[in-house]
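A quick write-up on the structure given underneath.
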Number of protein chains: 4
Amino acid sequence: MTKGRLEAFSDGVIAIIITIMVLEMKVPHGADVAALRPLAPVFISYVLSYVMIGIYWNNHHHLFHAVERVNGRILWRNLHLLFWLAQVPFATGWMGENHFAPAPSALYGFVLLMAGVAYLILQRLIIAAQGPDSIVKKAIGNDWKGKLSAVLYAVAILFAFWWDWISLALYVVVALLWLIPDRRIEHVLRSGVAG
Amino acid sequence: MTKGRLEAFSDGVIAIIITIMVLEMKVPHGADVAALRPLAPVFISYVLSYVMIGIYWNNHHHLFHAVERVNGRILWRNLHLLFWLAQVPFATGWMGENHFAPAPSALYGFVLLMAGVAYLILQRLIIAAQGPDSIVKKAIGNDWKGKLSAVLYAVAILFAFWWDWISLALYVVVALLWLIPDRRIEHVLRSGVAG
Amino acid sequence: MTKGRLEAFSDGVIAIIITIMVLEMKVPHGADVAALRPLAPVFISYVLSYVMIGIYWNNHHHLFHAVERVNGRILWRNLHLLFWLAQVPFATGWMGENHFAPAPSALYGFVLLMAGVAYLILQRLIIAAQGPDSIVKKAIGNDWKGKLSAVLYAVAILFAFWWDWISLALYVVVALLWLIPDRRIEHVLRSGVAG
Amino acid sequence: MTKGRLEAFSDGVIAIIITIMVLEMKVPHGADVAALRPLAPVFISYVLSYVMIGIYWNNHHHLFHAVERVNGRILWRNLHLLFWLAQVPFATGWMGENHFAPAPSALYGFVLLMAGVAYLILQRLIIAAQGPDSIVKKAIGNDWKGKLSAVLYAVAILFAFWWDWISLALYVVVALLWLIPDRRIEHVLRSGVAG
């Protein structure tokens with residue numbers, strides 16, 4: 001089975017998540033610049049989530065670039081990942097509207113952690129399906145970024161109840177970690193292992 | 001006529017249904033964990049519907065994988081299926097917000113039943129168009145899963161007015177029935193009947 | 001310039017219009033069957049518009065199936081068509097919520113008329129671009145369906161202010177006119193004029 | 001890495017932005033023509049933004065038509081452009097609901113300016129990646145349209161606080177500037193530099 005529809009469907013879902021999330025910022029009633037001020041924390045949390053979802057799309061793009069065939073199990077693991085990504089707008093809105101209060105900040109980290117775990121499961125399944133010469137495995141190596149992100153999310157969830165700004169800072173750290181573009185699969189592909 | 005646009009359009013509609021449905025969970029006003037509690041039944045019904053829509057996408061993917069050409073009648077039967085799938089978020093919301101009350105639970109089953117029937121009609125039309133050597137027909141056999149699901153939905157609709165939790169249990173049973181991935185078409189395809 | 005992205009973009013926009021329109025039916029607050037009754041006119045108008053948008057998608061699919069290359073002018077005429085289609089949910093909602101009152105029924109006809117005109121303009125532009133041997137021209141002939149639909153919409157707009165149910169009946173007539181699938185382009189294509 | 005998914009994802013996001021924006025016009029409660037009158041400024045601002053987003057989609061289509069391979073940096077610059085385009089519905093709604101008041105009109109210009117700058121950055125990156133024989137560079141020449149638009153937006157932002165209608169007029173001028181379709185890349189492509 002080819003990967004075309006899985007990619008198209010995932011692109012559709014991620015495009016909807018990332019766009020609707022931004023569109024959810026409600027138009028204020030006042031007509032002056034001050035009317036925008038209460039939206040600041042909401043806007044900041046949307047920018048953060050936009051970058052996070054952008055990172056997932058980017059990595060998903062790279063991951064499936066190295067895949068040729070998919071099966072039913074990969075379809076479902078992919079839907080599992082999309083499920084958690086679809087929770088991001090809810091967690092983002094709750095966190096932004098409550099100015100990064102403890103419980104919303106912790107939930108935000110939990111959703112990102114679950115999305116991260118879903119991504120690792122999907123990645124592992126693809127590596128297993130590709131067998132010993134897996135291009136994906138060569139490309140990601142020990143995947144320290146993926147594992148470190150999961151640890152940072154877990155730490156952020158715990159800290160959220162003590163000192164909530166540290167959680168936000170940790171989420172930003174994870175985003176920056178990935179914004180350095182993931183050229184690993186590009187490198188391996190370019191070096192001739194695959195077309 | 002090639003199937004590319006039918007698949008792309010269906011992917012688009014299903015991606016919107018599945019994502020918007022999840023996005024419809026309203027952000028609560030409170031900032032503590034307790035504020036999430038009233039959302040529990042809504043969340044449970046959304047998870048159930050996410051799996052249901054995911055099953056349809058999966059099966060749709062498999063079904064059209066074995067199709068080469070489409071005609072106007074297939075386009076319309078497909079739109080008919082998408083129409084009933086598009087009613088799922090409404091039925092899900094009504095059921096979740098009313099804590100699985102009788103009428104909403106019955107409507108949920110009715111919408112799923114109609115979607116199931118629409119799928120069976122579409123499948124039959126494709127088999128007829130493929131002629132006596134239909135790959136789809138070989139793959140699905142007597143399609144006991146599709147028929148059993150329809151029967152279970154009908155039973156669930158009736159039970160909804162007596163004992164509503166049994167309806168919910170039956171919907172979960174149908175979901176589990178299909179979550180065992182539908183490898184039938186994959187098998188037939190792999191065994192060399194088609195590319 | 002190839003037509004791939006124009007088709008994909010149009011599919012995306014039409015998928016969003018048709019799906020969001022259905023999703024706009026608000027979940028009622030009551031939990032019994034009676035709570036659904038006020039939704040009946042809204043539901044009926046949504047079903048009508050679903051069929052109408054489905055017809056446009058179908059015809060768009062057939063139209064561009066016979067097109068090989070697009071240019072900037074075709075892109076814009078296509079955006080023009082999508083603009084009027086995107087007004088359909090608004091007109092549908094206004095008509096449904098006001099139980100087919102005169103002004104909303106007339107606006108509904110106006111939006112459909114504008115969409116129909118936009119489609120005719122797009123079709124004419126494509127025929128002109130294809131030159132004297134235009135496949136599209138052969139396929140549609142004198143396009144009596146397109147022209148008759150425009151006339152029926154105009155009549156429906158006028159009647160809306162006298163006897164509103166006749167407008168609704170006329171819209172249903174137009175839908176039925178097109179539901180008889182448009183096999184014209186399929187026929188011409190199959191008879192060997194084009195691949 | 002091929003450009004297919006970048007185009008599909010961008011099409012998805014732009015289709016959602018342009019469609020949801022139009023769908024955001026709320027159905028009025030009254031059933032007579034007068035009930036539509038308060039929507040006039042909202043409708044005008046939506047039409048303007050529809051054209052603006054249409055221009056971006058058109059130019060994006062032309063730009064990537066001349067691109068063969070993309071890399072991680074292009075993916076991110078493209079997401080940056082989509083981010084600013086996704087702010088357009090918010091700015092449009094705020095401007096329309098406040099009848100083109102100073103602050104909303106200035107914000108609208110600011111969002112369009114940022115989108116324009118993001119487009120120029122993306123374009124420059126693509127030209128750099130294509131090297132000295134860049135087709136895109138040949139096609140756009142000195143890109144006076146892109147630069148003039150940025151200047152006009154900046155002027156419009158400043159004027160918004162003195163005389164707000166001049167801002168709106170300037171936005172319309174920029175739209176007209178681009179509505180004259182951008183045949184530059186089409187010309188270069190057709191003249192044999194690239195397939």
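Labels for the structure tokens follow display order: chains A, B, ..., residues from 1 in each chain, ligands from 1.
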
Show me, as a PyMOL selection string, the residues of chain C whose atoms get within 9 Å of chain B, using only C-alpha atoms for the distance check.
chain C and resi 7-8+11-12+14-16+18-20+22-33+47+50-51+54-55+58+61-62+65+179+181-183+186+189

CA of Ala175 (chain C) to CA of Gly96 (chain C), straight-line distance in Å:
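Value for the CA of Gly96 (chain C)-CA of Ala175 (chain C) distance: 17.2 Å.
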
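Closest approach to Leu170 (chain B) among B:Ile121, B:Leu48, B:Ala35, B:Leu63 is made by B:Leu48 (distances from only C-alpha atoms).
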
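The gap separating CA of Ile140 (chain A) from CA of Gly109 (chain A) is 23.6 Å, in Å to one decimal.
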
Distance CA of Ala128 (chain C)-CA of Ser149 (chain C), one decimal place?
22.2 Å

With DSSP run on the backbone, what are the helix (DSSP H, G or I) residues within region 22-136 of chain C? I'd like them as a ChimeraX atom specification.
/C:22-23,33-65,72-86,88-97,102-130,135-136

8 Å contact set for Ile74 (chain D), only C-alpha atoms, chain neighbours under 6 positions out, as JSON, numbers by chain:
{"D": [122, 125, 126]}

Output for the residues just chosen: all heavy atoms as a compact mmCIF listing (two decimals), in the first residue's frame:
```
# COMPACT_ATOMS: atom_id res chain seq x y z
N LEU D 122 11.01 34.16 1.83
CA LEU D 122 10.90 32.83 1.23
C LEU D 122 11.42 32.83 -0.20
O LEU D 122 12.17 31.94 -0.63
CB LEU D 122 9.42 32.40 1.26
CG LEU D 122 9.06 31.08 0.57
CD1 LEU D 122 9.76 29.92 1.25
CD2 LEU D 122 7.55 30.86 0.60
N LEU D 125 15.18 33.04 -0.34
CA LEU D 125 15.80 31.76 0.04
C LEU D 125 15.76 30.79 -1.13
O LEU D 125 16.73 30.06 -1.38
CB LEU D 125 15.04 31.18 1.24
CG LEU D 125 15.64 29.96 1.91
CD1 LEU D 125 16.93 30.34 2.60
CD2 LEU D 125 14.67 29.38 2.94
N ILE D 126 14.62 30.77 -1.84
CA ILE D 126 14.48 29.86 -2.98
C ILE D 126 15.45 30.27 -4.09
O ILE D 126 16.11 29.41 -4.70
CB ILE D 126 13.02 29.87 -3.47
CG1 ILE D 126 12.15 29.09 -2.48
CG2 ILE D 126 12.91 29.28 -4.87
CD1 ILE D 126 10.68 29.18 -2.74
```
